[in-house]
Amino acid sequence: MTAAAIRLHPAGPLEAGVVAALQQACFPDDPWDEASIATLSSPPAGLVVIALDALDQPVGFVMARVAAEDAEILAIGVLPQARRGGIGRLLVEAAVGGSRDLGATALFLEVAEDNPAAWTLYKASGFFSVGRRPGYYKRADGRVAALVLRRNLEGA
Ligand SMILES: CC(C)(COP(=O)(O)OP(=O)(O)OC[C@H]1O[C@@H](n2cnc3c(N)ncnc32)[C@H](O)[C@@H]1OP(=O)(O)O)[C@@H](O)C(=O)NCCC(=O)NCCS
């Protein structure tokens, strides 16, 4: 699947069920319940975008929150069968544009050190490391650090 066929759809609390299903498929070890997603996606601070394929089927999502000048990506995922087609990059840019439109000047996120797919994507999208949280994520065989990444939204 290529990004050219993708339509980005701004979602609200009513679509929390779709986002919960995408979250579960992308993060099987970290499902979120629909009620939490509905709360997090409520305007004006919530920002959720769903990627739809040519058949209008959801294949990815990004969820962010804006608090004054700072925004944070809470989750981003693309269905396994739709990866490496540029959809993740589109979703990051949707979070960047949406956060900027809501007045944010910086966008933050946390990424596990053992997730090279994600941090390669973020680096390519202009994020840089501003911190490290040792043992932040739990794994079956121990714990792994989170890198805190930032992208400046001003003048970009
Ligand atoms: C991370 C994720 C969202 C990327 O989505 P995607 O649609 O595959 O990403 P894209 O196709 O837009 O990739 C953009 C760039 O990111 C990098 N990238 C993406 N997946 C990669 C991988 N598996 N290995 C190395 N680099 C990768 C590449 O630089 C890629 O550009 P290229 O294909 O031109 O080389 C997806 O792998 C995913 O949903 N993973 C599981 C959930 C997750 O880990 N979310 C992030 C938590 S912080």
# chains A, B, ... in the order shown; residues from 1 in each chain; ligands from 1

call {"tool": "residues_around", "arguments": {"residues": "A:Leu55", "least_positions_apart": "2", "cutoff": "10 Å", "atoms": "only C-alpha atoms", "output": "MDAnalysis selection string"}}
result
chainID A and resid 5:7 52:53 57:58

call {"tool": "write_last_selection", "arguments": {"atoms": "N, CA, C and O atoms", "output": "PDB file, in the first residue's frame"}}
result
ATOM      1  N   ALA A   5      -2.498   6.596  -1.799  1.00  0.00           N
ATOM      2  CA  ALA A   5      -3.903   6.169  -1.753  1.00  0.00           C
ATOM      3  C   ALA A   5      -4.567   6.509  -0.419  1.00  0.00           C
ATOM      4  O   ALA A   5      -5.741   6.216  -0.217  1.00  0.00           O
ATOM      5  N   ILE A   6      -3.814   7.113   0.479  1.00  0.00           N
ATOM      6  CA  ILE A   6      -4.295   7.317   1.852  1.00  0.00           C
ATOM      7  C   ILE A   6      -5.047   8.633   2.005  1.00  0.00           C
ATOM      8  O   ILE A   6      -4.632   9.665   1.478  1.00  0.00           O
ATOM      9  N   ARG A   7      -6.149   8.566   2.736  1.00  0.00           N
ATOM     10  CA  ARG A   7      -6.886   9.778   3.109  1.00  0.00           C
ATOM     11  C   ARG A   7      -6.765   9.959   4.620  1.00  0.00           C
ATOM     12  O   ARG A   7      -6.942   8.976   5.364  1.00  0.00           O
ATOM     13  N   LEU A  52      -7.048   6.345   6.292  1.00  0.00           N
ATOM     14  CA  LEU A  52      -7.975   5.425   5.620  1.00  0.00           C
ATOM     15  C   LEU A  52      -7.393   5.031   4.263  1.00  0.00           C
ATOM     16  O   LEU A  52      -6.837   5.883   3.552  1.00  0.00           O
ATOM     17  N   ASP A  53      -7.525   3.751   3.916  1.00  0.00           N
ATOM     18  CA  ASP A  53      -7.007   3.302   2.619  1.00  0.00           C
ATOM     19  C   ASP A  53      -8.017   3.610   1.510  1.00  0.00           C
ATOM     20  O   ASP A  53      -9.058   4.240   1.755  1.00  0.00           O
ATOM     21  N   GLN A  57     -10.909   1.881   4.603  1.00  0.00           N
ATOM     22  CA  GLN A  57     -10.639   1.049   5.785  1.00  0.00           C
ATOM     23  C   GLN A  57      -9.533   1.714   6.610  1.00  0.00           C
ATOM     24  O   GLN A  57      -8.528   2.168   6.049  1.00  0.00           O
ATOM     25  N   PRO A  58      -9.689   1.761   7.951  1.00  0.00           N
ATOM     26  CA  PRO A  58      -8.647   2.370   8.776  1.00  0.00           C
ATOM     27  C   PRO A  58      -7.387   1.511   8.801  1.00  0.00           C
ATOM     28  O   PRO A  58      -7.458   0.298   9.016  1.00  0.00           O
TER      29      PRO A  58
END

call {"tool": "residues_around", "arguments": {"residues": "A:Pro28", "least_positions_apart": "4", "cutoff": "12 Å", "atoms": "only C-alpha atoms", "output": "ChimeraX atom specification"}}
result
/A:20-24,32,77,79-80

call {"tool": "closest_residue", "arguments": {"among": "A:Leu14, A:Ala124, A:Ala67, A:Leu8", "to": "A:Ala94", "atoms": "only C-alpha atoms"}}
result
A:Leu8

call {"tool": "closest_residue", "arguments": {"among": "A:Pro44, A:Pro31, A:Gly103, A:Gly12", "to": "ligand 1", "atoms": "only C-alpha atoms and all ligand atoms"}}
result
A:Pro31

call {"tool": "closest_residue", "arguments": {"among": "A:Ile50, A:Val78, A:Val66, A:Ala38", "to": "A:Ser99", "atoms": "only C-alpha atoms"}}
result
A:Val66

call {"tool": "residues_near_ligand", "arguments": {"ligand": "ligand 1", "cutoff": "8 Å", "atoms": "only C-alpha atoms and all ligand atoms", "output": "ChimeraX atom specification"}}
result
/A:26-27,60,75-80,82-91,109-112,115-122,124

call {"tool": "write_last_selection", "arguments": {"atoms": "N, CA and C atoms", "output": "mmCIF file, in the first residue's frame"}}
result
data_model
loop_
_atom_site.group_PDB
_atom_site.id
_atom_site.type_symbol
_atom_site.label_atom_id
_atom_site.label_comp_id
_atom_site.auth_asym_id
_atom_site.auth_seq_id
_atom_site.Cartn_x
_atom_site.Cartn_y
_atom_site.Cartn_z
ATOM 1 N N CYS A 26 -1.888 -2.533 16.752
ATOM 2 C CA CYS A 26 -0.513 -2.022 16.628
ATOM 3 C C CYS A 26 0.297 -2.241 17.902
ATOM 4 N N PHE A 27 -0.368 -2.269 19.059
ATOM 5 C CA PHE A 27 0.303 -2.446 20.351
ATOM 6 C C PHE A 27 -0.414 -3.550 21.132
ATOM 7 N N GLY A 60 -4.234 3.151 10.066
ATOM 8 C CA GLY A 60 -3.265 3.749 10.981
ATOM 9 C C GLY A 60 -3.896 4.916 11.720
ATOM 10 N N ALA A 75 0.352 8.337 20.937
ATOM 11 C CA ALA A 75 0.456 7.031 20.265
ATOM 12 C C ALA A 75 0.372 7.237 18.761
ATOM 13 N N ILE A 76 1.100 6.392 18.065
ATOM 14 C CA ILE A 76 1.018 6.380 16.602
ATOM 15 C C ILE A 76 1.225 4.937 16.155
ATOM 16 N N GLY A 77 0.416 4.498 15.222
ATOM 17 C CA GLY A 77 0.571 3.115 14.770
ATOM 18 C C GLY A 77 0.009 2.925 13.374
ATOM 19 N N VAL A 78 0.606 1.983 12.653
ATOM 20 C CA VAL A 78 0.140 1.594 11.322
ATOM 21 C C VAL A 78 -0.026 0.072 11.371
ATOM 22 N N LEU A 79 -1.118 -0.428 10.805
ATOM 23 C CA LEU A 79 -1.335 -1.885 10.812
ATOM 24 C C LEU A 79 -0.136 -2.584 10.184
ATOM 25 N N PRO A 80 0.259 -3.757 10.730
ATOM 26 C CA PRO A 80 1.462 -4.435 10.234
ATOM 27 C C PRO A 80 1.495 -4.602 8.714
ATOM 28 N N ALA A 82 0.318 -2.775 6.492
ATOM 29 C CA ALA A 82 0.350 -1.504 5.743
ATOM 30 C C ALA A 82 1.642 -0.722 5.983
ATOM 31 N N ARG A 83 2.595 -1.323 6.689
ATOM 32 C CA ARG A 83 3.819 -0.586 7.055
ATOM 33 C C ARG A 83 4.784 -0.427 5.883
ATOM 34 N N ARG A 84 5.700 0.489 6.029
ATOM 35 C CA ARG A 84 6.777 0.811 5.071
ATOM 36 C C ARG A 84 6.243 1.376 3.761
ATOM 37 N N GLY A 85 5.072 1.996 3.811
ATOM 38 C CA GLY A 85 4.534 2.631 2.604
ATOM 39 C C GLY A 85 4.423 4.136 2.748
ATOM 40 N N GLY A 86 4.961 4.675 3.839
ATOM 41 C CA GLY A 86 4.932 6.127 4.028
ATOM 42 C C GLY A 86 3.772 6.634 4.865
ATOM 43 N N ILE A 87 2.928 5.717 5.384
ATOM 44 C CA ILE A 87 1.748 6.159 6.150
ATOM 45 C C ILE A 87 2.179 6.745 7.502
ATOM 46 N N GLY A 88 3.156 6.110 8.136
ATOM 47 C CA GLY A 88 3.649 6.633 9.420
ATOM 48 C C GLY A 88 4.140 8.057 9.270
ATOM 49 N N ARG A 89 4.887 8.293 8.215
ATOM 50 C CA ARG A 89 5.409 9.646 7.971
ATOM 51 C C ARG A 89 4.261 10.647 7.794
ATOM 52 N N LEU A 90 3.211 10.244 7.036
ATOM 53 C CA LEU A 90 2.046 11.122 6.840
ATOM 54 C C LEU A 90 1.390 11.450 8.173
ATOM 55 N N LEU A 91 1.281 10.431 9.043
ATOM 56 C CA LEU A 91 0.614 10.635 10.338
ATOM 57 C C LEU A 91 1.438 11.558 11.239
ATOM 58 N N LEU A 109 7.539 13.465 22.188
ATOM 59 C CA LEU A 109 7.057 12.088 22.278
ATOM 60 C C LEU A 109 8.104 11.238 22.978
ATOM 61 N N GLU A 110 7.672 10.071 23.409
ATOM 62 C CA GLU A 110 8.591 9.105 24.002
ATOM 63 C C GLU A 110 8.667 7.898 23.093
ATOM 64 N N VAL A 111 9.864 7.384 22.922
ATOM 65 C CA VAL A 111 10.021 6.198 22.076
ATOM 66 C C VAL A 111 10.972 5.235 22.774
ATOM 67 N N ALA A 112 10.621 3.958 22.732
ATOM 68 C CA ALA A 112 11.463 2.951 23.382
ATOM 69 C C ALA A 112 12.780 2.798 22.622
ATOM 70 N N ASN A 115 13.037 0.278 19.728
ATOM 71 C CA ASN A 115 12.081 0.415 18.627
ATOM 72 C C ASN A 115 12.722 1.232 17.491
ATOM 73 N N PRO A 116 13.672 0.618 16.761
ATOM 74 C CA PRO A 116 14.381 1.382 15.731
ATOM 75 C C PRO A 116 13.474 1.882 14.622
ATOM 76 N N ALA A 117 12.387 1.138 14.304
ATOM 77 C CA ALA A 117 11.478 1.596 13.238
ATOM 78 C C ALA A 117 10.933 2.970 13.599
ATOM 79 N N ALA A 118 10.488 3.115 14.859
ATOM 80 C CA ALA A 118 9.880 4.376 15.256
ATOM 81 C C ALA A 118 10.920 5.499 15.339
ATOM 82 N N TRP A 119 12.069 5.251 15.996
ATOM 83 C CA TRP A 119 12.971 6.399 16.109
ATOM 84 C C TRP A 119 13.637 6.778 14.802
ATOM 85 N N THR A 120 13.750 5.821 13.864
ATOM 86 C CA THR A 120 14.240 6.197 12.520
ATOM 87 C C THR A 120 13.221 7.103 11.835
ATOM 88 N N LEU A 121 11.956 6.733 11.971
ATOM 89 C CA LEU A 121 10.882 7.570 11.404
ATOM 90 C C LEU A 121 10.929 8.972 12.004
ATOM 91 N N TYR A 122 11.044 9.065 13.335
ATOM 92 C CA TYR A 122 11.018 10.382 13.985
ATOM 93 C C TYR A 122 12.239 11.223 13.607
ATOM 94 N N ALA A 124 13.911 11.050 10.888
ATOM 95 C CA ALA A 124 13.719 11.505 9.504
ATOM 96 C C ALA A 124 12.685 12.630 9.440
#

call {"tool": "select_by_dssp", "arguments": {"residues": "stretch 64-152 of chain A", "states": "strand (DSSP E)", "output": "PDB file with N, CA and C atoms, in the first residue's frame"}}
result
ATOM      1  N   ALA A  64      -2.617  12.796  19.654  1.00  0.00           N
ATOM      2  CA  ALA A  64      -1.758  13.780  20.318  1.00  0.00           C
ATOM      3  C   ALA A  64      -2.605  14.654  21.232  1.00  0.00           C
ATOM      4  N   ARG A  65      -1.929  15.332  22.154  1.00  0.00           N
ATOM      5  CA  ARG A  65      -2.598  16.287  23.056  1.00  0.00           C
ATOM      6  C   ARG A  65      -1.815  17.580  23.027  1.00  0.00           C
ATOM      7  N   VAL A  66      -2.531  18.690  23.102  1.00  0.00           N
ATOM      8  CA  VAL A  66      -1.870  19.991  23.125  1.00  0.00           C
ATOM      9  C   VAL A  66      -2.180  20.656  24.451  1.00  0.00           C
ATOM     10  N   ALA A  67      -1.126  21.118  25.136  1.00  0.00           N
ATOM     11  CA  ALA A  67      -1.285  21.871  26.382  1.00  0.00           C
ATOM     12  C   ALA A  67      -0.467  23.149  26.239  1.00  0.00           C
ATOM     13  N   ASP A  70       3.057  23.379  24.340  1.00  0.00           N
ATOM     14  CA  ASP A  70       3.637  22.054  24.134  1.00  0.00           C
ATOM     15  C   ASP A  70       2.583  21.054  23.678  1.00  0.00           C
ATOM     16  N   ALA A  71       2.946  20.265  22.699  1.00  0.00           N
ATOM     17  CA  ALA A  71       2.076  19.166  22.267  1.00  0.00           C
ATOM     18  C   ALA A  71       2.846  17.860  22.454  1.00  0.00           C
ATOM     19  N   GLU A  72       2.098  16.761  22.567  1.00  0.00           N
ATOM     20  CA  GLU A  72       2.740  15.458  22.754  1.00  0.00           C
ATOM     21  C   GLU A  72       2.024  14.409  21.918  1.00  0.00           C
ATOM     22  N   ILE A  73       2.794  13.622  21.193  1.00  0.00           N
ATOM     23  CA  ILE A  73       2.210  12.461  20.512  1.00  0.00           C
ATOM     24  C   ILE A  73       2.086  11.352  21.554  1.00  0.00           C
ATOM     25  N   LEU A  74       0.851  10.894  21.794  1.00  0.00           N
ATOM     26  CA  LEU A  74       0.605   9.845  22.792  1.00  0.00           C
ATOM     27  C   LEU A  74       0.747   8.459  22.180  1.00  0.00           C
ATOM     28  N   ALA A  75       0.352   8.337  20.937  1.00  0.00           N
ATOM     29  CA  ALA A  75       0.456   7.031  20.265  1.00  0.00           C
ATOM     30  C   ALA A  75       0.372   7.237  18.761  1.00  0.00           C
ATOM     31  N   ILE A  76       1.100   6.392  18.065  1.00  0.00           N
ATOM     32  CA  ILE A  76       1.018   6.380  16.602  1.00  0.00           C
ATOM     33  C   ILE A  76       1.225   4.937  16.155  1.00  0.00           C
ATOM     34  N   GLY A  77       0.416   4.498  15.222  1.00  0.00           N
ATOM     35  CA  GLY A  77       0.571   3.115  14.770  1.00  0.00           C
ATOM     36  C   GLY A  77       0.009   2.925  13.374  1.00  0.00           C
ATOM     37  N   VAL A  78       0.606   1.983  12.653  1.00  0.00           N
ATOM     38  CA  VAL A  78       0.140   1.594  11.322  1.00  0.00           C
ATOM     39  C   VAL A  78      -0.026   0.072  11.371  1.00  0.00           C
ATOM     40  N   ALA A 106       6.159  23.348  20.163  1.00  0.00           N
ATOM     41  CA  ALA A 106       7.048  22.179  20.229  1.00  0.00           C
ATOM     42  C   ALA A 106       6.201  20.926  20.356  1.00  0.00           C
ATOM     43  N   LEU A 107       6.682  19.859  19.731  1.00  0.00           N
ATOM     44  CA  LEU A 107       5.978  18.565  19.780  1.00  0.00           C
ATOM     45  C   LEU A 107       6.928  17.529  20.375  1.00  0.00           C
ATOM     46  N   PHE A 108       6.468  16.833  21.416  1.00  0.00           N
ATOM     47  CA  PHE A 108       7.293  15.860  22.132  1.00  0.00           C
ATOM     48  C   PHE A 108       6.725  14.453  21.943  1.00  0.00           C
ATOM     49  N   LEU A 109       7.539  13.465  22.188  1.00  0.00           N
ATOM     50  CA  LEU A 109       7.057  12.088  22.278  1.00  0.00           C
ATOM     51  C   LEU A 109       8.104  11.238  22.978  1.00  0.00           C
ATOM     52  N   GLU A 110       7.672  10.071  23.409  1.00  0.00           N
ATOM     53  CA  GLU A 110       8.591   9.105  24.002  1.00  0.00           C
ATOM     54  C   GLU A 110       8.667   7.898  23.093  1.00  0.00           C
ATOM     55  N   VAL A 111       9.864   7.384  22.922  1.00  0.00           N
ATOM     56  CA  VAL A 111      10.021   6.198  22.076  1.00  0.00           C
ATOM     57  C   VAL A 111      10.972   5.235  22.774  1.00  0.00           C
ATOM     58  N   ALA A 112      10.621   3.958  22.732  1.00  0.00           N
ATOM     59  CA  ALA A 112      11.463   2.951  23.382  1.00  0.00           C
ATOM     60  C   ALA A 112      12.780   2.798  22.622  1.00  0.00           C
ATOM     61  N   PHE A 128      14.580  15.399  17.575  1.00  0.00           N
ATOM     62  CA  PHE A 128      15.895  15.166  18.170  1.00  0.00           C
ATOM     63  C   PHE A 128      15.705  14.830  19.644  1.00  0.00           C
ATOM     64  N   SER A 129      16.708  14.136  20.193  1.00  0.00           N
ATOM     65  CA  SER A 129      16.590  13.638  21.556  1.00  0.00           C
ATOM     66  C   SER A 129      16.849  14.746  22.570  1.00  0.00           C
ATOM     67  N   VAL A 130      15.966  14.845  23.578  1.00  0.00           N
ATOM     68  CA  VAL A 130      16.166  15.840  24.641  1.00  0.00           C
ATOM     69  C   VAL A 130      16.190  15.185  26.024  1.00  0.00           C
ATOM     70  N   GLY A 131      16.117  13.860  26.083  1.00  0.00           N
ATOM     71  CA  GLY A 131      16.159  13.210  27.392  1.00  0.00           C
ATOM     72  C   GLY A 131      16.057  11.708  27.265  1.00  0.00           C
ATOM     73  N   ARG A 132      16.291  11.039  28.393  1.00  0.00           N
ATOM     74  CA  ARG A 132      16.241   9.577  28.407  1.00  0.00           C
ATOM     75  C   ARG A 132      15.672   9.142  29.752  1.00  0.00           C
ATOM     76  N   ARG A 133      14.683   8.258  29.728  1.00  0.00           N
ATOM     77  CA  ARG A 133      14.071   7.765  30.969  1.00  0.00           C
ATOM     78  C   ARG A 133      14.404   6.289  31.114  1.00  0.00           C
ATOM     79  N   PRO A 134      15.390   5.952  31.949  1.00  0.00           N
ATOM     80  CA  PRO A 134      15.801   4.545  32.090  1.00  0.00           C
ATOM     81  C   PRO A 134      14.653   3.685  32.618  1.00  0.00           C
ATOM     82  N   GLY A 135      14.514   2.483  32.097  1.00  0.00           N
ATOM     83  CA  GLY A 135      13.533   1.518  32.605  1.00  0.00           C
ATOM     84  C   GLY A 135      12.093   1.925  32.427  1.00  0.00           C
ATOM     85  N   TYR A 136      11.806   2.794  31.479  1.00  0.00           N
ATOM     86  CA  TYR A 136      10.460   3.368  31.346  1.00  0.00           C
ATOM     87  C   TYR A 136       9.432   2.351  30.843  1.00  0.00           C
ATOM     88  N   TYR A 137       9.852   1.491  29.917  1.00  0.00           N
ATOM     89  CA  TYR A 137       8.919   0.508  29.352  1.00  0.00           C
ATOM     90  C   TYR A 137       9.216  -0.888  29.892  1.00  0.00           C
ATOM     91  N   LYS A 138       8.126  -1.633  30.166  1.00  0.00           N
ATOM     92  CA  LYS A 138       8.251  -3.002  30.652  1.00  0.00           C
ATOM     93  C   LYS A 138       8.320  -3.956  29.457  1.00  0.00           C
ATOM     94  N   ARG A 139       9.181  -4.934  29.542  1.00  0.00           N
ATOM     95  CA  ARG A 139       9.270  -5.970  28.513  1.00  0.00           C
ATOM     96  C   ARG A 139       9.208  -7.330  29.206  1.00  0.00           C
ATOM     97  N   GLY A 142      12.466  -7.862  30.965  1.00  0.00           N
ATOM     98  CA  GLY A 142      13.075  -6.771  31.738  1.00  0.00           C
ATOM     99  C   GLY A 142      12.460  -5.428  31.382  1.00  0.00           C
ATOM    100  N   ARG A 143      13.283  -4.361  31.469  1.00  0.00           N
ATOM    101  CA  ARG A 143      12.776  -3.032  31.178  1.00  0.00           C
ATOM    102  C   ARG A 143      13.692  -2.349  30.179  1.00  0.00           C
ATOM    103  N   VAL A 144      13.133  -1.370  29.475  1.00  0.00           N
ATOM    104  CA  VAL A 144      13.926  -0.682  28.456  1.00  0.00           C
ATOM    105  C   VAL A 144      13.694   0.825  28.588  1.00  0.00           C
ATOM    106  N   ALA A 145      14.709   1.598  28.257  1.00  0.00           N
ATOM    107  CA  ALA A 145      14.622   3.049  28.417  1.00  0.00           C
ATOM    108  C   ALA A 145      13.759   3.678  27.328  1.00  0.00           C
ATOM    109  N   ALA A 146      13.205   4.858  27.657  1.00  0.00           N
ATOM    110  CA  ALA A 146      12.520   5.685  26.670  1.00  0.00           C
ATOM    111  C   ALA A 146      13.416   6.864  26.326  1.00  0.00           C
ATOM    112  N   LEU A 147      13.465   7.197  25.059  1.00  0.00           N
ATOM    113  CA  LEU A 147      14.086   8.453  24.645  1.00  0.00           C
ATOM    114  C   LEU A 147      12.967   9.484  24.528  1.00  0.00           C
ATOM    115  N   VAL A 148      13.206  10.689  25.057  1.00  0.00           N
ATOM    116  CA  VAL A 148      12.249  11.777  24.890  1.00  0.00           C
ATOM    117  C   VAL A 148      12.716  12.593  23.683  1.00  0.00           C
ATOM    118  N   LEU A 149      11.853  12.698  22.689  1.00  0.00           N
ATOM    119  CA  LEU A 149      12.211  13.412  21.460  1.00  0.00           C
ATOM    120  C   LEU A 149      11.375  14.680  21.334  1.00  0.00           C
ATOM    121  N   ARG A 150      11.976  15.661  20.661  1.00  0.00           N
ATOM    122  CA  ARG A 150      11.302  16.948  20.469  1.00  0.00           C
ATOM    123  C   ARG A 150      11.422  17.375  19.015  1.00  0.00           C
ATOM    124  N   ARG A 151      10.370  17.973  18.507  1.00  0.00           N
ATOM    125  CA  ARG A 151      10.474  18.660  17.212  1.00  0.00           C
ATOM    126  C   ARG A 151       9.973  20.089  17.400  1.00  0.00           C
ATOM    127  N   ASN A 152      10.782  21.038  16.966  1.00  0.00           N
ATOM    128  CA  ASN A 152      10.367  22.437  17.046  1.00  0.00           C
ATOM    129  C   ASN A 152       9.351  22.725  15.950  1.00  0.00           C
TER     130      ASN A 152
END

call {"tool": "select_by_dssp", "arguments": {"residues": "chain A", "states": "alpha helix (DSSP H)", "output": "VMD selection string"}}
result
chain A and resid 16 to 26 34 to 40 87 to 101 116 to 124

call {"tool": "closest_residue", "arguments": {"among": "A:Ala25, A:Ala51, A:Ala16, A:Leu153", "to": "A:Ile37", "atoms": "only C-alpha atoms"}}
result
A:Ala16
